[in-house]
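Structure data (mmCIF, C-alpha atoms) from upload_11.cif:
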```cif
data_data
loop_
_atom_site.label_atom_id
_atom_site.label_comp_id
_atom_site.auth_asym_id
_atom_site.auth_seq_id
_atom_site.Cartn_x
_atom_site.Cartn_y
_atom_site.Cartn_z
CA MET A 1473 68.14 123.31 -4.10
CA SER A 1474 67.68 126.48 -2.10
CA LYS A 1475 64.42 125.13 -0.67
CA LEU A 1476 66.21 121.95 0.37
CA PHE A 1477 69.02 124.02 1.79
CA LYS A 1478 66.59 125.97 3.97
CA ARG A 1479 65.23 122.69 5.32
CA ASP A 1480 68.78 121.48 5.95
CA LEU A 1481 69.49 124.62 7.91
CA ALA A 1482 66.27 124.19 9.89
CA LEU A 1483 67.21 120.58 10.70
CA ILE A 1484 70.71 121.55 11.80
CA LEU A 1485 69.38 124.37 13.96
CA ALA A 1486 66.78 122.01 15.46
CA ILE A 1487 69.48 119.50 16.48
CA ILE A 1488 71.62 122.26 17.97
CA ILE A 1489 68.67 123.71 19.90
CA ALA A 1490 67.81 120.22 21.17
CA ALA A 1491 71.43 119.76 22.27
CA LEU A 1492 71.42 123.09 24.10
CA ALA A 1493 68.11 122.23 25.78
CA LEU A 1494 69.61 118.90 26.88
CA TRP A 1495 72.61 120.77 28.20
CA GLY A 1496 70.35 123.08 30.21
CA ALA A 1497 68.40 120.13 31.59
CA PHE A 1498 71.61 118.36 32.63
CA ALA A 1499 72.88 121.52 34.32
CA LEU A 1500 69.63 121.79 36.30
CA PHE A 1501 69.86 118.21 37.50
CA LYS A 1502 73.53 118.35 38.34
CA LYS A 1503 73.95 117.25 41.91
CA ASP A 1504 75.33 119.47 44.61
CA GLY A 1505 78.81 118.45 45.65
CA GLU A 1506 79.78 117.22 49.09
CA SER A 1507 83.06 118.98 49.68
CA VAL A 1508 85.51 121.38 48.14
CA GLU A 1509 89.10 120.39 47.44
CA ILE A 1510 91.63 123.17 47.72
CA ARG A 1511 94.89 122.69 45.87
CA LEU A 1512 97.99 124.81 46.14
CA ARG A 1513 100.28 124.57 43.11
CA GLY A 1514 98.73 121.21 42.27
CA GLU A 1515 99.17 119.65 45.71
CA LEU A 1516 96.10 118.93 47.81
CA PHE A 1517 96.07 121.58 50.54
CA ALA A 1518 92.77 120.97 52.29
CA VAL A 1519 89.29 119.51 51.90
CA LEU A 1520 86.38 121.40 53.40
CA PRO A 1521 82.87 119.91 53.70
CA LEU A 1522 80.28 122.16 52.07
CA ASN A 1523 77.65 121.58 54.76
CA LYS A 1524 79.62 123.44 57.42
CA ASN A 1525 80.44 127.14 57.31
CA ALA A 1526 84.19 127.71 57.50
CA GLU A 1527 87.01 130.04 56.62
CA LEU A 1528 90.48 128.83 55.71
CA ASP A 1529 93.61 130.85 55.15
CA VAL A 1530 95.71 129.41 52.28
CA GLU A 1531 99.28 130.35 53.26
CA GLY A 1532 98.40 134.04 53.31
CA LEU A 1533 97.59 133.96 49.59
CA CYS A 1534 93.84 134.08 49.96
CA THR A 1535 90.98 132.98 52.17
CA VAL A 1536 88.56 130.25 51.14
CA VAL A 1537 85.10 130.72 52.57
CA VAL A 1538 82.37 128.09 52.82
CA GLU A 1539 79.01 129.67 53.49
CA ASN A 1540 75.52 128.17 53.09
CA GLY A 1541 76.81 125.22 51.09
CA LYS A 1542 78.80 127.34 48.64
CA ALA A 1543 82.50 128.03 48.45
CA PHE A 1544 84.23 131.21 47.30
CA VAL A 1545 87.50 133.09 47.59
CA LYS A 1546 88.21 136.40 49.33
CA ASN A 1547 91.22 138.52 50.31
CA SER A 1548 93.38 137.20 47.51
CA THR A 1549 96.81 138.75 47.12
CA CYS A 1550 96.70 138.30 43.36
CA ARG A 1551 96.36 141.27 41.05
CA ASN A 1552 93.45 140.51 38.79
CA LYS A 1553 90.99 139.17 41.43
CA ILE A 1554 89.30 136.80 38.98
CA CYS A 1555 89.07 134.26 41.78
CA GLU A 1556 87.33 136.73 44.11
CA ASN A 1557 84.88 137.76 41.44
CA HIS A 1558 83.95 134.18 40.53
CA ARG A 1559 80.45 133.30 41.69
CA PRO A 1560 80.30 130.90 44.66
CA ILE A 1561 80.51 127.25 43.60
CA SER A 1562 78.51 124.32 44.96
CA ARG A 1563 77.90 121.79 42.18
CA ALA A 1564 80.03 118.74 41.53
CA GLY A 1565 82.87 119.52 39.17
CA GLU A 1566 82.69 123.32 39.45
CA THR A 1567 86.03 125.04 39.92
CA ILE A 1568 87.55 128.37 40.83
CA ALA A 1569 91.17 128.85 39.84
CA CYS A 1570 93.51 131.59 40.95
CA LEU A 1571 96.30 131.14 38.46
CA PRO A 1572 98.70 133.85 39.74
CA ASN A 1573 98.81 132.24 43.19
CA GLY A 1574 98.36 128.66 41.98
CA VAL A 1575 95.30 128.05 44.13
CA THR A 1576 92.40 126.00 42.80
CA LEU A 1577 89.08 125.03 44.33
CA ARG A 1578 87.09 122.14 42.99
CA VAL A 1579 83.81 120.73 44.23
CA SER A 1580 84.03 116.96 44.48
CA GLY A 1581 81.18 114.48 44.34
CA GLU A 1582 79.14 112.45 41.90
CA GLY A 1583 77.60 113.86 38.79
CA GLY A 1584 78.68 116.19 36.06
CA ALA A 1585 80.89 115.43 33.13
CA ASP A 1586 83.98 115.58 35.25
CA PHE A 1587 85.73 112.33 34.46
CA TYR A 1588 87.59 111.04 31.47
CA VAL A 1589 87.24 107.88 29.43
CA MET B 1166 82.06 100.07 -19.82
CA SER B 1167 78.82 98.43 -18.86
CA GLU B 1168 76.67 99.97 -16.17
CA LYS B 1169 77.24 97.04 -13.84
CA THR B 1170 81.01 97.23 -14.18
CA ARG B 1171 80.89 100.97 -13.61
CA ARG B 1172 78.94 100.50 -10.39
CA ILE B 1173 81.22 97.77 -9.07
CA ALA B 1174 84.28 99.88 -9.85
CA LEU B 1175 82.77 102.95 -8.16
CA LEU B 1176 81.83 100.90 -5.09
CA GLY B 1177 85.39 99.63 -4.79
CA LEU B 1178 86.79 103.13 -5.24
CA LEU B 1179 84.50 104.59 -2.59
CA ALA B 1180 85.31 101.80 -0.11
CA ALA B 1181 89.04 102.35 -0.64
CA LEU B 1182 88.71 106.12 -0.33
CA CYS B 1183 86.61 105.64 2.79
CA PHE B 1184 89.37 103.60 4.38
CA GLY B 1185 91.99 106.15 3.32
CA LEU B 1186 90.01 108.95 4.92
CA SER B 1187 89.68 106.92 8.15
CA TYR B 1188 93.45 106.61 8.22
CA ILE B 1189 93.95 110.33 7.62
CA GLU B 1190 91.53 111.05 10.40
CA LEU B 1191 93.55 108.90 12.82
CA MET B 1192 96.48 111.25 12.27
CA LEU B 1193 94.51 114.41 12.98
CA PRO B 1194 95.09 115.79 16.47
CA ALA B 1195 92.20 115.61 18.95
CA LEU B 1196 90.45 118.87 19.80
CA PRO B 1197 91.59 120.11 23.22
CA VAL B 1198 88.10 120.51 24.66
CA GLY B 1199 88.05 117.75 27.26
CA VAL B 1200 85.24 115.80 25.57
CA PRO B 1201 86.23 112.45 24.05
CA GLY B 1202 84.74 111.22 20.80
CA ILE B 1203 84.80 114.44 18.80
CA LYS B 1204 85.82 113.56 15.25
CA ALA B 1205 85.50 115.04 11.80
CA GLY B 1206 84.00 111.79 10.46
CA LEU B 1207 85.59 112.35 7.05
CA ALA B 1208 85.01 108.72 6.04
CA ASN B 1209 81.30 109.39 6.11
CA ILE B 1210 81.72 111.49 2.95
CA CYS B 1211 82.16 108.19 1.09
CA VAL B 1212 79.13 106.60 2.71
CA VAL B 1213 77.03 109.63 1.72
CA ALA B 1214 78.54 109.49 -1.78
CA ALA B 1215 77.67 105.79 -2.11
CA LEU B 1216 74.15 106.49 -0.87
CA TYR B 1217 73.57 109.17 -3.51
CA LEU B 1218 75.58 107.80 -6.44
CA LEU B 1219 74.83 104.08 -6.03
CA GLY B 1220 72.11 103.23 -3.53
CA ALA B 1221 71.28 102.07 -0.02
CA ARG B 1222 72.76 98.57 -0.29
CA GLU B 1223 76.02 99.85 -1.71
CA ALA B 1224 76.25 102.55 0.97
CA ALA B 1225 75.71 99.91 3.67
CA ALA B 1226 78.49 97.85 2.05
CA VAL B 1227 80.93 100.80 2.08
CA ASN B 1228 80.06 101.46 5.73
CA LEU B 1229 80.56 97.82 6.76
CA ILE B 1230 83.84 97.54 4.83
CA ARG B 1231 85.08 100.71 6.57
CA ILE B 1232 84.16 99.34 10.01
CA ALA B 1233 85.64 95.89 9.35
CA LEU B 1234 88.94 97.24 7.97
CA ASN B 1235 89.31 99.74 10.79
CA TRP B 1236 88.71 97.01 13.31
CA LEU B 1237 91.20 94.60 11.71
CA LEU B 1238 93.95 97.18 11.28
CA PHE B 1239 93.72 99.64 14.16
CA GLY B 1240 90.96 98.55 16.44
CA SER B 1241 89.91 96.58 19.42
CA PHE B 1242 86.74 94.62 20.02
CA SER B 1243 85.10 97.39 22.06
CA GLY B 1244 86.15 99.81 19.31
CA LEU B 1245 84.27 97.56 16.89
CA LEU B 1246 81.13 97.75 19.01
CA TYR B 1247 81.37 101.56 19.13
CA SER B 1248 81.79 101.78 15.36
CA LEU B 1249 78.99 99.32 14.68
CA ALA B 1250 76.53 101.16 16.93
CA GLY B 1251 77.50 104.57 15.59
CA GLY B 1252 77.68 103.37 12.00
CA ALA B 1253 74.34 101.54 12.09
CA LEU B 1254 72.39 104.35 13.72
CA SER B 1255 73.98 106.96 11.50
CA PHE B 1256 73.28 104.91 8.39
CA ALA B 1257 69.64 104.28 9.34
CA ALA B 1258 69.07 107.98 10.03
CA MET B 1259 70.67 109.04 6.76
CA LEU B 1260 68.71 106.47 4.75
CA LEU B 1261 65.38 107.58 6.24
CA LEU B 1262 66.15 111.25 5.71
CA LYS B 1263 67.23 110.70 2.12
CA LYS B 1264 64.10 108.64 1.41
CA SER B 1265 61.94 111.50 2.72
CA GLY B 1266 63.29 113.54 -0.16
CA ALA B 1267 62.96 116.72 1.85
CA PHE B 1268 66.63 117.31 2.52
CA SER B 1269 69.85 117.74 0.57
CA PRO B 1270 73.00 115.70 1.31
CA ILE B 1271 74.00 118.44 3.77
CA GLY B 1272 71.01 117.80 6.04
CA VAL B 1273 71.28 114.03 5.55
CA SER B 1274 74.94 114.02 6.52
CA ALA B 1275 74.36 116.37 9.47
CA LEU B 1276 71.75 114.05 10.98
CA GLY B 1277 74.08 111.13 10.27
CA GLY B 1278 76.79 112.81 12.33
CA ALA B 1279 74.41 113.45 15.22
CA ALA B 1280 73.07 109.88 15.11
CA HIS B 1281 76.61 108.49 15.08
CA ASN B 1282 77.38 110.27 18.35
CA ILE B 1283 74.12 109.11 19.94
CA GLY B 1284 74.88 105.49 19.03
CA GLN B 1285 78.41 105.67 20.36
CA ILE B 1286 77.52 107.32 23.65
CA CYS B 1287 74.79 104.72 24.26
CA VAL B 1288 77.22 101.85 23.73
CA ALA B 1289 79.85 103.62 25.84
CA ALA B 1290 77.39 104.12 28.69
CA LEU B 1291 76.37 100.45 28.49
CA LEU B 1292 79.89 99.01 28.18
CA THR B 1293 81.49 101.11 30.91
CA GLY B 1294 78.40 101.04 33.13
CA THR B 1295 78.54 104.82 33.59
CA PRO B 1296 75.24 106.40 32.56
CA ALA B 1297 76.76 109.78 33.47
CA LEU B 1298 78.49 109.63 30.09
CA VAL B 1299 75.32 111.11 28.60
CA PHE B 1300 76.55 114.43 30.02
CA TYR B 1301 78.86 114.49 27.00
CA LEU B 1302 75.95 114.15 24.59
CA PRO B 1303 75.04 117.85 24.12
CA ALA B 1304 78.59 118.81 23.18
CA LEU B 1305 78.98 115.73 20.98
CA LEU B 1306 75.68 116.45 19.23
CA ILE B 1307 76.74 119.98 18.37
CA PHE B 1308 80.17 118.95 17.06
CA GLY B 1309 78.77 115.86 15.31
CA THR B 1310 76.07 117.84 13.53
CA ALA B 1311 78.53 120.54 12.47
CA ALA B 1312 81.04 117.97 11.21
CA GLY B 1313 78.29 116.07 9.39
CA ALA B 1314 76.99 119.22 7.72
CA LEU B 1315 80.53 120.09 6.63
CA ASN B 1316 80.99 116.61 5.15
CA GLY B 1317 77.67 116.96 3.33
CA LEU B 1318 78.87 120.28 1.95
CA ILE B 1319 82.09 118.65 0.75
CA PHE B 1320 80.08 115.92 -0.99
CA THR B 1321 77.76 118.48 -2.59
CA ALA B 1322 80.74 120.46 -3.85
CA ILE B 1323 82.35 117.31 -5.29
CA GLN B 1324 79.09 116.06 -6.81
CA SER B 1325 78.42 119.29 -8.69
CA ARG B 1326 81.89 119.06 -10.23
CA LEU B 1327 81.48 115.39 -11.14
CA LYS B 1328 78.55 116.10 -13.47
CA PRO B 1329 79.49 115.94 -17.15
CA ARG B 1330 80.04 119.32 -18.71
CA GLY B 1331 77.22 120.80 -20.77
CA LYS B 1332 74.52 118.81 -18.97
CA LYS B 1333 72.20 120.61 -16.60
CA PRO B 1334 72.18 118.96 -13.18
#
```
Rewrite the coordinates I just gave you, this time as structure tokens.
Amino acid sequence: MSKLFKRDLALILAIIIAALALWGAFALFKKDGESVEIRLRGELFAVLPLNKNAELDVEGLCTVVVENGKAFVKNSTCRNKICENHRPISRAGETIACLPNGVTLRVSGEGGADFYV
Amino acid sequence: MSEKTRRIALLGLLAALCFGLSYIELMLPALPVGVPGIKAGLANICVVAALYLLGAREAAAVNLIRIALNWLLFGSFSGLLYSLAGGALSFAAMLLLKKSGAFSPIGVSALGGAAHNIGQICVAALLTGTPALVFYLPALLIFGTAAGALNGLIFTAIQSRLKPRGKKP
């Protein structure tokens, strides 16, 4: 029984490792997005293409920066600065959310598990 | 009670229990993780039980009865295709693993859970024409394997208590 159990455990670990490897492979092949959607309290505020450097002030709450195909947030008026510290996003489906100010950024485009059945 | 009667009665019991567990599972809330298709797969406990207590043919019968009843009572035609693909692949994987003799019901059931998710995602990708659905597979595999292992553990715990007292297993 204990010998079987060890094999069971090995099998379960093998499946989980395979799943994680698959996950990694999918993440590598995830396509870069085309543009970033900026929403303010749920309403679409602006759409910036990722292939053009730009800076956009979101009603004085923060500044969205697009630089070298990646988008990030700076000068946020919120307290915790999670949005500013988030790494720049570029791949389809990636998001940055500033919950205190109700500002969200989301990269649009094909690819990624970012739709629902 | 003759052996044949005992087996027929047990098969009927397991099929009924299987259906009952499917119904209970329908009432469980979905996990809020944004990935569809994550289920506990409780009904598979009965398929595993039939496989170990009765045999391959009986386990296939329990599985088919479960799928048919679920389809007739709660399902749609596409739901039937999902269950058939998941059920068939899961059953084949469990049968092979049990025949190898190298694993306990826990490992057998864990692989069954994983295979079920693979079958379903393949049919879903084909039916909806969205191959990108495979992006769900890693998460589904992890949950499916964990749920399968847990079901195998439940069966092992029940089986050890079903053995007549005084007899060594």
By how many Å are atom CA of Gln1285 of chain B and atom CA of Ser1248 of chain B apart?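 Value for the atom CA of Gln1285 of chain B-atom CA of Ser1248 of chain B distance: 7.2 Å.
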Could you list, as a list in words, the residues of chain B having an atom within 7 Å of chain A when counting only C-alpha atoms? Ala1267, Phe1268, Ser1269, Ile1271, Gly1272, Ala1275, Ala1297, Leu1298, Phe1300, Tyr1301, Pro1303, Leu1306, Ile1307 and Thr1310 of chain B
Please evaluate the PyMOL selection byres ((chain A and resi 1533-1543) around 12) against the structure above and give the resulting residues as a PyMOL selection string. chain A and resi 1504-1513+1517-1532+1544-1551+1553+1555-1556+1558-1564+1566-1580
Care to translate the PyMOL selection byres ((chain B and resi 1320) around 9) into actual residues of this file, as a PDB file with C-alpha atoms, in the coordinates of the input?
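Output below, filename out-v9.pdb:
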```pdb
ATOM      1  CA  ILE B1210      81.720 111.490   2.950  1.00  0.00           C
ATOM      2  CA  CYS B1211      82.160 108.190   1.090  1.00  0.00           C
ATOM      3  CA  VAL B1213      77.030 109.630   1.720  1.00  0.00           C
ATOM      4  CA  ALA B1214      78.540 109.490  -1.780  1.00  0.00           C
ATOM      5  CA  PRO B1270      73.000 115.700   1.310  1.00  0.00           C
ATOM      6  CA  ILE B1271      74.000 118.440   3.770  1.00  0.00           C
ATOM      7  CA  LEU B1315      80.530 120.090   6.630  1.00  0.00           C
ATOM      8  CA  ASN B1316      80.990 116.610   5.150  1.00  0.00           C
ATOM      9  CA  GLY B1317      77.670 116.960   3.330  1.00  0.00           C
ATOM     10  CA  LEU B1318      78.870 120.280   1.950  1.00  0.00           C
ATOM     11  CA  ILE B1319      82.090 118.650   0.750  1.00  0.00           C
ATOM     12  CA  THR B1321      77.760 118.480  -2.590  1.00  0.00           C
ATOM     13  CA  ALA B1322      80.740 120.460  -3.850  1.00  0.00           C
ATOM     14  CA  ILE B1323      82.350 117.310  -5.290  1.00  0.00           C
ATOM     15  CA  GLN B1324      79.090 116.060  -6.810  1.00  0.00           C
ATOM     16  CA  SER B1325      78.420 119.290  -8.690  1.00  0.00           C
TER      17      SER B1325
END
```
Grab the atom CA of Ala1226 of chain B to atom CA of Leu1292 of chain B distance for me, in Å with one decimal place.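 Between these atoms lies a distance of 26.2 Å.
Ranking B:Ala1280, B:Val1288, B:Leu1191, B:Cys1183 by their shortest atom-to-atom distance to Leu1229 of chain B, with all atoms listed in the file included, puts B:Cys1183 first.
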